[in-house]
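Novice: Can you keep this structure in mind? I'll have questions shortly.
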Amino acid sequence: MKAVIQRVSKASVSVDGQVVSSIGNGLCVLIGIKRDDVAADVKYIVRKILNTKVFDDGKGKRWGASVADKKYEILCVSQFTLYHVLKGNKLDFHRAMPAQESEPFYMNFLAELRREYVPELVKDGKFGAMMEVCIQNSGPVTLEIESPARSTCDDSPVTVGTKEVSD
(Lines give C-alpha, C1' and ligand atoms only; values in the text may rest on other atoms or scores of the structure.)
Protein backbone atom coordinates (compact mmCIF):
# COMPACT_ATOMS: atom_id res chain seq x y z
CA MET A 1 0.00 0.00 0.00
CA LYS A 2 1.21 3.47 -0.79
CA ALA A 3 0.12 6.86 0.54
CA VAL A 4 1.11 10.22 -0.89
CA ILE A 5 0.45 12.58 2.00
CA GLN A 6 0.21 16.32 1.51
CA ARG A 7 -0.09 18.87 4.29
CA VAL A 8 -2.85 21.23 3.18
CA SER A 9 -4.54 24.43 4.24
CA LYS A 10 -7.55 23.23 2.25
CA ALA A 11 -8.50 20.48 -0.20
CA SER A 12 -11.62 19.28 -1.97
CA VAL A 13 -12.88 16.59 -4.31
CA SER A 14 -15.48 17.24 -7.02
CA VAL A 15 -17.35 14.78 -9.20
CA ASP A 16 -19.31 16.06 -12.22
CA GLY A 17 -18.74 19.65 -11.06
CA GLN A 18 -20.18 19.02 -7.57
CA VAL A 19 -18.00 19.13 -4.45
CA VAL A 20 -18.38 15.76 -2.68
CA SER A 21 -15.86 16.41 0.14
CA SER A 22 -13.75 19.26 1.41
CA ILE A 23 -11.45 19.97 4.35
CA GLY A 24 -9.57 22.87 5.89
CA ASN A 25 -6.19 22.41 7.60
CA GLY A 26 -5.08 18.81 7.54
CA LEU A 27 -3.86 16.12 5.18
CA CYS A 28 -4.87 15.15 1.68
CA VAL A 29 -3.90 11.51 1.22
CA LEU A 30 -3.75 9.76 -2.15
CA ILE A 31 -4.02 6.01 -1.58
CA GLY A 32 -2.66 3.31 -3.89
CA ILE A 33 -3.47 -0.35 -3.31
CA LYS A 34 -1.18 -3.07 -4.61
CA ARG A 35 -2.37 -6.53 -5.73
CA ASP A 36 -0.96 -8.36 -2.70
CA ASP A 37 -1.84 -5.86 0.03
CA VAL A 38 -3.36 -7.26 3.23
CA ALA A 39 -4.81 -5.96 6.52
CA ALA A 40 -1.30 -5.42 7.96
CA ASP A 41 -0.62 -2.90 5.17
CA VAL A 42 -3.77 -0.98 6.11
CA LYS A 43 -2.75 -0.83 9.78
CA TYR A 44 0.76 0.36 8.86
CA ILE A 45 -0.48 3.14 6.55
CA VAL A 46 -3.18 4.27 9.01
CA ARG A 47 -0.59 4.49 11.79
CA LYS A 48 1.76 6.54 9.60
CA ILE A 49 -0.99 8.92 8.42
CA LEU A 50 -2.13 9.61 11.98
CA ASN A 51 1.26 9.82 13.69
CA THR A 52 3.79 11.30 11.26
CA LYS A 53 4.78 14.73 12.56
CA VAL A 54 4.29 17.13 9.64
CA PHE A 55 2.85 20.14 11.52
CA ASP A 56 4.31 22.71 13.89
CA ASP A 57 3.45 22.01 17.51
CA GLY A 58 1.74 24.55 19.78
CA LYS A 59 5.11 26.01 20.76
CA GLY A 60 6.24 26.72 17.19
CA LYS A 61 8.49 23.67 16.91
CA ARG A 62 8.70 22.54 13.29
CA TRP A 63 7.78 18.93 12.60
CA GLY A 64 6.49 18.62 16.16
CA ALA A 65 2.85 17.53 15.74
CA SER A 66 0.84 14.98 13.81
CA VAL A 67 -2.62 15.37 12.28
CA ALA A 68 -3.96 13.47 15.31
CA ASP A 69 -2.17 15.83 17.72
CA LYS A 70 -3.73 18.83 15.97
CA LYS A 71 -7.18 17.21 15.51
CA TYR A 72 -7.11 18.27 11.85
CA GLU A 73 -9.12 16.77 8.99
CA ILE A 74 -8.01 14.10 6.52
CA LEU A 75 -9.22 13.83 2.93
CA CYS A 76 -8.49 10.44 1.32
CA VAL A 77 -8.61 9.79 -2.41
CA SER A 78 -8.19 6.33 -3.93
CA GLN A 79 -5.62 6.49 -6.73
CA PHE A 80 -4.72 3.25 -8.48
CA THR A 81 -2.24 5.09 -10.73
CA LEU A 82 0.22 5.18 -7.83
CA TYR A 83 1.05 1.57 -8.77
CA HIS A 84 1.86 2.24 -12.40
CA VAL A 85 4.69 0.85 -14.47
CA LEU A 86 5.97 2.68 -17.52
CA LYS A 87 6.54 0.47 -20.55
CA GLY A 88 8.24 2.98 -22.80
CA ASN A 89 5.68 5.78 -22.72
CA LYS A 90 2.72 3.49 -22.13
CA LEU A 91 1.21 3.13 -18.67
CA ASP A 92 0.58 -0.31 -17.25
CA PHE A 93 -1.29 -0.90 -13.99
CA HIS A 94 -0.75 -4.65 -13.44
CA ARG A 95 0.71 -3.96 -9.96
CA ALA A 96 -2.51 -2.25 -8.79
CA MET A 97 -5.26 -4.29 -7.17
CA PRO A 98 -8.22 -4.70 -9.58
CA ALA A 99 -11.21 -2.40 -8.88
CA GLN A 100 -13.58 -5.20 -7.81
CA GLU A 101 -11.11 -6.18 -5.06
CA SER A 102 -9.69 -2.75 -4.26
CA GLU A 103 -13.02 -1.03 -3.57
CA PRO A 104 -13.86 -3.17 -0.51
CA PHE A 105 -10.18 -3.00 0.53
CA TYR A 106 -10.26 0.81 0.30
CA MET A 107 -13.52 0.95 2.25
CA ASN A 108 -11.89 -1.20 4.96
CA PHE A 109 -8.96 1.24 4.98
CA LEU A 110 -11.36 4.16 5.53
CA ALA A 111 -13.18 2.24 8.28
CA GLU A 112 -9.87 1.52 10.05
CA LEU A 113 -8.76 5.16 9.74
CA ARG A 114 -12.09 6.33 11.20
CA ARG A 115 -11.89 3.71 13.96
CA GLU A 116 -8.40 4.89 14.96
CA TYR A 117 -9.16 8.61 14.65
CA VAL A 118 -12.21 10.88 14.84
CA PRO A 119 -14.70 9.50 12.27
CA GLU A 120 -16.18 12.86 11.27
CA LEU A 121 -12.70 14.27 10.55
CA VAL A 122 -12.05 11.63 7.86
CA LYS A 123 -13.47 12.49 4.43
CA ASP A 124 -13.08 10.81 1.06
CA GLY A 125 -13.80 11.16 -2.63
CA LYS A 126 -15.94 8.80 -4.68
CA PHE A 127 -14.28 5.48 -5.45
CA GLY A 128 -13.88 4.79 -9.17
CA ALA A 129 -15.27 8.17 -10.27
CA MET A 130 -13.47 10.69 -12.44
CA MET A 131 -12.60 13.21 -9.72
CA GLU A 132 -11.14 16.68 -9.66
CA VAL A 133 -8.94 17.09 -6.60
CA CYS A 134 -8.07 20.62 -5.52
CA ILE A 135 -5.15 20.74 -3.11
CA GLN A 136 -3.71 23.84 -1.53
CA ASN A 137 -0.45 22.35 -0.31
CA SER A 138 0.93 24.06 2.80
CA GLY A 139 4.71 24.32 2.88
CA PRO A 140 4.79 22.61 0.42
CA VAL A 141 4.99 19.34 2.32
CA THR A 142 4.54 16.07 0.45
CA LEU A 143 5.54 12.62 1.70
CA GLU A 144 5.34 9.22 0.07
CA ILE A 145 4.93 6.31 2.45
CA GLU A 146 4.76 2.67 1.39
CA SER A 147 4.01 -0.30 3.59
CA PRO A 148 7.04 -2.53 3.95
CA ALA A 149 7.41 -5.56 1.71
CA ARG A 150 6.63 -8.84 3.42
CA SER A 151 8.41 -12.09 2.85
CA THR A 152 6.04 -14.67 1.38
CA CYS A 153 7.42 -17.35 3.70
CA ASP A 154 8.00 -15.44 6.94
CA ASP A 155 5.88 -12.82 8.73
CA SER A 156 8.31 -12.31 11.62
CA PRO A 157 10.03 -8.95 12.31
CA VAL A 158 13.35 -8.29 10.63
CA THR A 159 16.43 -8.80 12.79
CA VAL A 160 19.60 -6.81 12.12
CA GLY A 161 22.54 -8.10 14.13
CA THR A 162 21.04 -8.75 17.56
CA LYS A 163 18.47 -5.96 17.38
CA GLU A 164 14.90 -6.44 16.15
CA VAL A 165 13.83 -3.73 13.70
CA SER A 166 10.22 -2.62 13.55
CA ASP A 167 8.51 0.42 12.16
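Chain lettering (A, B, ...) mirrors the order of the C-alpha coordinates, residue numbering begins at 1 for each chain separately, and ligand numbering begins at 1 in order of display.
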Please report as a Markdown table every residue of region 56-96 of chain A lying within 6 Å of region 10-32 of chain A, along with the nearest atom pair and their distance in Å (one decimal), using only C-alpha atoms.

Specialist:
| residue | atom | partner | partner_atom | distance |
| --- | --- | --- | --- | --- |
| A:Tyr72 | CA | A:Gly26 | CA | 4.8 |
| A:Glu73 | CA | A:Gly26 | CA | 4.8 |
| A:Ile74 | CA | A:Leu27 | CA | 4.8 |
| A:Leu75 | CA | A:Cys28 | CA | 4.7 |
| A:Cys76 | CA | A:Val29 | CA | 4.7 |
| A:Val77 | CA | A:Leu30 | CA | 4.9 |
| A:Ser78 | CA | A:Ile31 | CA | 4.8 |
| A:Gln79 | CA | A:Gly32 | CA | 5.2 |
| A:Phe80 | CA | A:Gly32 | CA | 5.0 |
| A:Leu82 | CA | A:Gly32 | CA | 5.2 |

Novice: Residues of region 72-142 of chain A classed as strand (DSSP E) by DSSP on the backbone are to be reported as a VMD selection string.

Specialist: chain A and resid 73 to 78 85 to 87 90 to 92 122 to 124 131 to 142

Novice: Here is a test: counting only C-alpha atoms, which residue of A:Ser102, A:Asn89, A:Thr142, A:Asn51 is nearest to Met1 (chain A)?

Specialist: A:Ser102

Novice: How would you write, as JSON, numbers by chain, the set of residues in region 12-167 of chain A that DSSP gives as alpha helix (DSSP H)?

Specialist: {"A": [39, 40, 41, 42, 43, 44, 45, 46, 47, 48, 49, 50, 51, 67, 68, 69, 70, 99, 100, 101, 102, 103, 104, 105, 106, 107, 108, 109, 110, 111, 112, 113, 114, 115, 116]}

Novice: Give me the residues near Asn108 (chain A) as a ChimeraX atom specification, where near means some atom within 12 Å (using only C-alpha atoms) and where sequence neighbours in that chain fewer than 6 positions away do not count.

Specialist: /A:33,38-43,46,101-102,114-115

Novice: Just how far from CA of Lys48 (chain A) is CA of Ala3 (chain A), in Å to one decimal?

Specialist: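 Distance reported for this atom pair: 9.2 Å.
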
Novice: Would you pick out the contacts of Ser66 (chain A) at 10 Å or less, using only C-alpha atoms, so that residues sharing its chain but fewer than 2 positions from it are not included, and give the list as a ChimeraX atom specification?

Specialist: /A:26-27,48-57,63-64,68-72

Novice: Let me make sure I understand: among A:Met131, A:Asn137, A:Pro148, A:Pro104, which one has the smallest atom-to-atom distance to Ile5 (chain A) if we use only C-alpha atoms?

Specialist: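 Residue with the minimum atom-to-atom distance to Ile5 (chain A): A:Asn137.
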
Novice: Name the closest residue to Tyr106 (chain A) among the candidates A:Thr81, A:Lys34, A:Val141, A:Ile135; distances are taken between atoms, counting only C-alpha atoms.

Specialist: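 Nearest to Tyr106 (chain A): A:Lys34.
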
Novice: Work out how far CA of Pro140 (chain A) is from CA of Val8 (chain A), in Å to one decimal.

Specialist: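 Interatomic distance here is 8.2 Å.
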
Novice: Ranking A:Arg62, A:Arg35, A:Arg7, A:Lys2 by minimum distance to Arg95 (chain A) and counting only C-alpha atoms, which one comes first?

Specialist: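 Selected residue with least distance to Arg95 (chain A): A:Arg35.
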
Novice: Would you mind telling me which residue in A:Ala149, A:Val85, A:Met130, A:Ile45 lies nearest to Glu116 (chain A) when using only C-alpha atoms?

Specialist: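 That would be A:Ile45, the residue with the smallest distance to Glu116 (chain A).
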
Novice: Go through A:Gly139, A:Leu91, A:Met107, A:Met97 one by one, measure the shortest atom-to-atom distance of each to Gly125 (chain A) using only C-alpha atoms, and give the residue with the smallest value.

Specialist: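 Closest candidate: A:Met107.
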